[in-house]
Amino acid sequence: MFGGLYTTERKLINENGLRLDGRRWNELRPLKIEVGILSNVDGSARIIQGRTHILVGVYGPRESFAKHINLPDRAMIRCRYRMAPFSVEERKSPAPSRREIELSKVIREALEPAIIVDEFPRTTIDIFIEVLEADGGTRCASITAASVALADAGIPMRDLVAACAVGKVNGQMVIDLSDLEDKYGEADVPVACMPNKNMITLLQMDGVLSVDEFTNLIKLAMESCKRINEVQRNALKNGVWEAKGIILEGSL
Amino acid sequence: MSVKTRKFVFPGDVIAEGNLKAGAHTYYEEGKIFSSVFGLCEIRNKVVNVIPLHGFYVPRVGDVVIGIIVDNSPTSWQVDINSPYMAILQVSDALSKPVDVAREDIRKYLKIGDILMAEVIAFDKLRNPLISIKGNELGKLEHGSLITFSPVKVPRLIGRRGSMINMIKKELNCKIMIGRNGRIWVSSVDPKVVNLVKKVIFLVEEESHLPGLTDKVRSLILEEREKIGE
């Protein structure tokens with residue numbers, strides 16, 4: 001609850017260096033992306049990353065719902081991130097919470113640099129993100145799936161956006177944090193980037209890290225995003241793609 | 001100059017470097033040409049294009065489209081042309097005789113829900129496209145069915161110099177009109193024929209990027225025609 005400021009005694013990595021779900025520090029959760037699964041939207045994607053399960057639908061570019069929100073020089077991007085009431089252990093109220101509104105904005109801003117918005121002035125692009133099951137890293141998985149859904153809708157983009165959370169748990173660097181690692185670890189750093197451009201579009205941090213640890217984590221995050229990007233591309237090409245046990249090379 | 005052709009490209013992929021022009025669905029940055037969509041890349045006459053596999057219709061002057069009237073004002077109709085921008089049909093572009101819009105209600109010529117074959121006559125993204133129904137084969141469509149199709153796959157449905165669509169028309173012996181915006185009008189009141197056209201078009205949409213499609217479509221038509229006993 002207090003971020004990483006209070007290091008708890010909770011053991012998240014065992015003597016053999018395995019995490020709660022049996023992964024190594026440099027291993028991603030099993031990742032599956034499906035494309036074009038919804039029929040009434042222009043583009044859609046489903047992402048299953050470990051136990052996180054998210055559905056994304058994209059509409060547009062389309063005529064704005066209200067003319068006064070039109071931007072004269074570019075397309076307007078609207079994003080809604082929503083958690084289903086059954087997506088977490090304790091029932092979540094279906095009303096939009098502070099966290100959901102904030103995440104909607106954060107996700108939109110992570111995708112905005114990639115979308116070529118000036119090609120379609122006076123239109124709206126709508127992104128709807130439904131979290132069906134949340135087990136950590138939902139903002140990152142949402143960004144990964146939303147950029148695939150945008151590509152499925154045929155919306156021009158400078159690059160796909162891939163995202164991954166990295167952090168520090170029990171004094172060790174880890175990639176792709178799960179819910180418990182996020183809650184009880186020392187630090188959590190969600191990163192979204194455009195892998196072909198080597199540009200970061202989202203960078204947040206919760207917890208305490210030294211400068212060295214932070215720079216190392218960014219490198220790890222970029223490497224993880226590149227691996228996730230491969231899955232995104234394969235999913236677009238084949239309709240569905242599953243990757244189990246992606247392990248980053250090298251060690252810290 | 002490095003070039004790869006007829007390959008899958010993804011947003012952000014470098015397609016080419018050097019003395020080439022960035023064409024449709026690409027963008028130019030720091031001396032390189034990148035793809036902006038997921039599709040197949042192609043280089044013709046030193047222009048790099050990407051043929052998207054998913055996408056929507058963007059109006060272009062001269063395109064023939066099929067639109068549905070959704071609203072009207074005293075002097076114009078708003079027409080849905082299956083694109084991000086709503087098209088406008090002015091009275092002067094619809095009727096050959098002069099009409100005094102102050103006295104007459106234009107709804108007696110065209111109503112909401114009418115389906116039109118029209119040509120895009122002006123479009124620049126700052127204003128909505130203007131369309132006209134004055135011209136050969138243009139105008140209100142009646143006695144037939146509307147089928148929707150992926151706009152990016154229309155060129156494949158037409159085929160090289162109309163090879164695909166002419167074959168379908170000949171084999172099925174019916175009139176088919178294709179709008180560049182992914183709408184297809186089948187002039188037949190026989191539901192069997194319409195269903196068959198739907199099936200054929202669905203096949204083209206699903207397998208648009210595979211070779212030998214025309215033959216496959218022909219055999220599907222022959223097979224289906226036997227089933228309905230024509």
# chains A, B, ... in the order shown; residues from 1 in each chain; ligands from 1
$ residues_around --residues "Ile69 (chain B)" --least-positions-apart "6" --cutoff "12 Å" --atoms "only C-alpha atoms" --output "compact mmCIF listing (two decimals) with C-alpha atoms, in the first residue's frame"
# COMPACT_ATOMS: atom_id res chain seq x y z
CA SER B 76 -27.66 19.41 -49.18
CA TRP B 77 -27.66 15.82 -48.03
CA GLN B 78 -25.19 14.19 -45.64
CA VAL B 79 -24.05 10.87 -46.99
CA ASP B 80 -22.29 8.10 -45.06
CA ILE B 81 -19.52 6.80 -47.33
CA ASN B 82 -17.95 4.39 -44.82
CA MET B 86 -19.15 12.30 -43.77
CA ALA B 87 -19.72 13.26 -47.43
CA ILE B 88 -21.86 16.18 -48.56
CA LEU B 89 -24.08 16.08 -51.63
CA ARG B 107 -36.50 15.49 -49.63
CA TYR B 109 -35.81 13.96 -54.67
CA LEU B 110 -33.72 11.94 -52.22
CA LYS B 111 -34.69 10.71 -48.77
CA ILE B 112 -32.80 9.52 -45.71
CA GLY B 113 -31.90 5.86 -46.25
CA ASP B 114 -31.51 6.12 -50.02
CA ILE B 115 -28.44 4.40 -51.43
CA LEU B 116 -26.36 6.27 -53.99
CA MET B 117 -23.57 5.53 -56.42
CA ALA B 118 -21.52 8.73 -56.36
CA ILE B 131 -19.76 14.04 -53.88
CA LYS B 140 -29.78 6.32 -56.77
CA LEU B 141 -29.55 2.52 -56.56
$ interface_residues --of "chain B" --to "chain A" --cutoff "8 Å" --atoms "only C-alpha atoms" --output "short mmCIF file (atom, residue, chain, number, x, y, z; two decimals) with C-alpha atoms, in the first residue's frame"
data_model
loop_
_atom_site.label_atom_id
_atom_site.label_comp_id
_atom_site.auth_asym_id
_atom_site.auth_seq_id
_atom_site.Cartn_x
_atom_site.Cartn_y
_atom_site.Cartn_z
CA PHE B 8 5.15 -8.38 -44.49
CA PHE B 10 4.84 -3.72 -39.50
CA PRO B 11 4.47 -0.16 -38.24
CA GLY B 12 7.93 1.25 -37.67
CA ASP B 13 9.81 -1.17 -39.96
CA HIS B 25 1.03 4.12 -45.89
CA TYR B 27 6.52 7.89 -43.74
CA PHE B 34 9.26 3.43 -42.74
CA SER B 35 5.99 1.56 -42.91
CA SER B 36 3.15 3.10 -40.91
CA VAL B 37 0.78 0.11 -41.10
CA PHE B 38 0.80 -3.66 -41.12
CA PRO B 52 -2.41 -2.54 -45.86
CA LEU B 53 -4.11 -5.75 -44.79
CA HIS B 54 -6.55 -3.98 -42.48
CA GLY B 55 -7.90 -0.51 -42.77
CA PHE B 56 -10.54 1.98 -43.64
CA SER B 83 -15.01 6.69 -44.13
CA PRO B 84 -13.85 8.86 -41.22
CA TYR B 85 -15.45 11.84 -42.94
CA MET B 86 -19.15 12.30 -43.77
CA LYS B 125 -9.34 16.75 -45.06
CA LEU B 126 -10.02 20.29 -43.83
#
$ atom_distance --atom1 "CA of Gly39 (chain B)" --atom2 "CA of Val65 (chain B)"
23.4 Å
$ residues_around --residues "region 18-30 of chain A" --least-positions-apart "6" --cutoff "8 Å" --atoms "only C-alpha atoms" --output "JSON, numbers by chain"
{"A": [12, 48, 49, 50, 172, 173, 174, 175, 176, 224, 242, 243, 244, 245, 246, 247, 248, 249]}
$ write_last_selection --atoms "N, CA and C atoms" --output "PDB file, in the first residue's frame"
ATOM      1  N   LEU A  12       9.557 -13.300  -1.581  1.00  0.00           N
ATOM      2  CA  LEU A  12       9.010 -13.385  -2.934  1.00  0.00           C
ATOM      3  C   LEU A  12       9.926 -14.172  -3.866  1.00  0.00           C
ATOM      4  N   ILE A  48      -3.122 -12.141 -22.924  1.00  0.00           N
ATOM      5  CA  ILE A  48      -3.093 -12.936 -21.700  1.00  0.00           C
ATOM      6  C   ILE A  48      -1.636 -13.032 -21.291  1.00  0.00           C
ATOM      7  N   GLN A  49      -1.309 -12.375 -20.206  1.00  0.00           N
ATOM      8  CA  GLN A  49       0.079 -12.338 -19.737  1.00  0.00           C
ATOM      9  C   GLN A  49       0.063 -12.901 -18.324  1.00  0.00           C
ATOM     10  N   GLY A  50       0.507 -14.139 -18.162  1.00  0.00           N
ATOM     11  CA  GLY A  50       0.361 -14.809 -16.866  1.00  0.00           C
ATOM     12  C   GLY A  50      -1.115 -14.935 -16.559  1.00  0.00           C
ATOM     13  N   GLN A 172      16.490  -7.859  -5.356  1.00  0.00           N
ATOM     14  CA  GLN A 172      16.952  -8.334  -6.659  1.00  0.00           C
ATOM     15  C   GLN A 172      16.147  -7.694  -7.792  1.00  0.00           C
ATOM     16  N   MET A 173      16.843  -7.427  -8.915  1.00  0.00           N
ATOM     17  CA  MET A 173      16.158  -6.908 -10.090  1.00  0.00           C
ATOM     18  C   MET A 173      15.298  -8.024 -10.691  1.00  0.00           C
ATOM     19  N   VAL A 174      14.078  -7.716 -11.060  1.00  0.00           N
ATOM     20  CA  VAL A 174      13.238  -8.710 -11.732  1.00  0.00           C
ATOM     21  C   VAL A 174      12.493  -8.033 -12.878  1.00  0.00           C
ATOM     22  N   ILE A 175      12.062  -8.833 -13.860  1.00  0.00           N
ATOM     23  CA  ILE A 175      11.274  -8.262 -14.952  1.00  0.00           C
ATOM     24  C   ILE A 175       9.864  -8.832 -14.921  1.00  0.00           C
ATOM     25  N   ASP A 176       8.927  -8.089 -15.475  1.00  0.00           N
ATOM     26  CA  ASP A 176       7.532  -8.493 -15.599  1.00  0.00           C
ATOM     27  C   ASP A 176       6.922  -8.865 -14.239  1.00  0.00           C
ATOM     28  N   SER A 224      13.122  -6.318 -22.523  1.00  0.00           N
ATOM     29  CA  SER A 224      11.853  -7.042 -22.383  1.00  0.00           C
ATOM     30  C   SER A 224      10.845  -6.573 -23.420  1.00  0.00           C
ATOM     31  N   GLU A 242       1.498 -17.298 -29.191  1.00  0.00           N
ATOM     32  CA  GLU A 242       1.738 -17.608 -27.798  1.00  0.00           C
ATOM     33  C   GLU A 242       3.228 -17.811 -27.591  1.00  0.00           C
ATOM     34  N   ALA A 243       3.766 -17.232 -26.531  1.00  0.00           N
ATOM     35  CA  ALA A 243       5.188 -17.396 -26.226  1.00  0.00           C
ATOM     36  C   ALA A 243       5.325 -17.730 -24.761  1.00  0.00           C
ATOM     37  N   LYS A 244       5.948 -18.875 -24.491  1.00  0.00           N
ATOM     38  CA  LYS A 244       6.116 -19.303 -23.098  1.00  0.00           C
ATOM     39  C   LYS A 244       7.580 -19.229 -22.707  1.00  0.00           C
ATOM     40  N   GLY A 245       7.826 -18.793 -21.474  1.00  0.00           N
ATOM     41  CA  GLY A 245       9.176 -18.810 -20.925  1.00  0.00           C
ATOM     42  C   GLY A 245      10.197 -18.029 -21.710  1.00  0.00           C
ATOM     43  N   ILE A 246       9.878 -16.767 -22.036  1.00  0.00           N
ATOM     44  CA  ILE A 246      10.881 -15.912 -22.668  1.00  0.00           C
ATOM     45  C   ILE A 246      11.882 -15.504 -21.591  1.00  0.00           C
ATOM     46  N   ILE A 247      13.152 -15.822 -21.816  1.00  0.00           N
ATOM     47  CA  ILE A 247      14.187 -15.477 -20.829  1.00  0.00           C
ATOM     48  C   ILE A 247      15.180 -14.521 -21.462  1.00  0.00           C
ATOM     49  N   LEU A 248      15.443 -13.420 -20.794  1.00  0.00           N
ATOM     50  CA  LEU A 248      16.418 -12.464 -21.303  1.00  0.00           C
ATOM     51  C   LEU A 248      17.811 -13.050 -21.135  1.00  0.00           C
ATOM     52  N   GLU A 249      18.662 -12.754 -22.117  1.00  0.00           N
ATOM     53  CA  GLU A 249      20.021 -13.248 -22.018  1.00  0.00           C
ATOM     54  C   GLU A 249      20.849 -12.337 -21.121  1.00  0.00           C
TER      55      GLU A 249
END
$ select_by_dssp --residues "region 44-170 of chain A" --states "strand (DSSP E)" --output "ChimeraX atom specification"
/A:44-49,52-63,76-83,123-133,162-169
$ atom_distance --atom1 "CA of Met177 (chain B)" --atom2 "CA of Gln90 (chain B)"
23.1 Å
$ select_by_dssp --residues "region 30-167 of chain B" --states "alpha helix (DSSP H)" --output "short mmCIF file (atom, residue, chain, number, x, y, z; two decimals) with N, CA and C atoms, in the first residue's frame"
data_model
loop_
_atom_site.label_atom_id
_atom_site.label_comp_id
_atom_site.auth_asym_id
_atom_site.auth_seq_id
_atom_site.Cartn_x
_atom_site.Cartn_y
_atom_site.Cartn_z
N VAL B 154 -10.53 -3.87 -51.91
CA VAL B 154 -11.28 -3.62 -53.14
C VAL B 154 -10.44 -3.84 -54.40
N PRO B 155 -9.17 -3.35 -54.45
CA PRO B 155 -8.38 -3.58 -55.67
C PRO B 155 -8.24 -5.08 -56.01
N ARG B 156 -8.17 -5.92 -54.97
CA ARG B 156 -8.04 -7.36 -55.22
C ARG B 156 -9.35 -7.93 -55.78
N LEU B 157 -10.46 -7.39 -55.30
CA LEU B 157 -11.76 -7.87 -55.78
C LEU B 157 -11.95 -7.50 -57.25
N ILE B 158 -11.43 -6.34 -57.62
CA ILE B 158 -11.55 -5.92 -59.02
C ILE B 158 -10.57 -6.74 -59.87
N SER B 163 -10.07 -8.29 -63.98
CA SER B 163 -10.16 -9.72 -64.30
C SER B 163 -11.05 -10.48 -63.32
N MET B 164 -10.90 -10.17 -62.04
CA MET B 164 -11.67 -10.92 -61.04
C MET B 164 -13.16 -10.58 -61.12
N ILE B 165 -13.46 -9.30 -61.12
CA ILE B 165 -14.87 -8.92 -61.05
C ILE B 165 -15.61 -9.29 -62.35
N ASN B 166 -14.90 -9.14 -63.49
CA ASN B 166 -15.53 -9.50 -64.76
C ASN B 166 -15.85 -10.98 -64.82
N MET B 167 -14.93 -11.80 -64.25
CA MET B 167 -15.17 -13.24 -64.22
C MET B 167 -16.39 -13.55 -63.35
#
$ residues_around --residues "region 144-153 of chain B" --least-positions-apart "4" --cutoff "6 Å" --atoms "only C-alpha atoms" --output "count of residues only"
12
$ residues_around --residues "Val197 (chain B)" --least-positions-apart "4" --cutoff "10 Å" --atoms "only C-alpha atoms" --output "PyMOL selection string"
chain B and resi 147+168-169+172+174+176+184+186+191-193+201-203+221
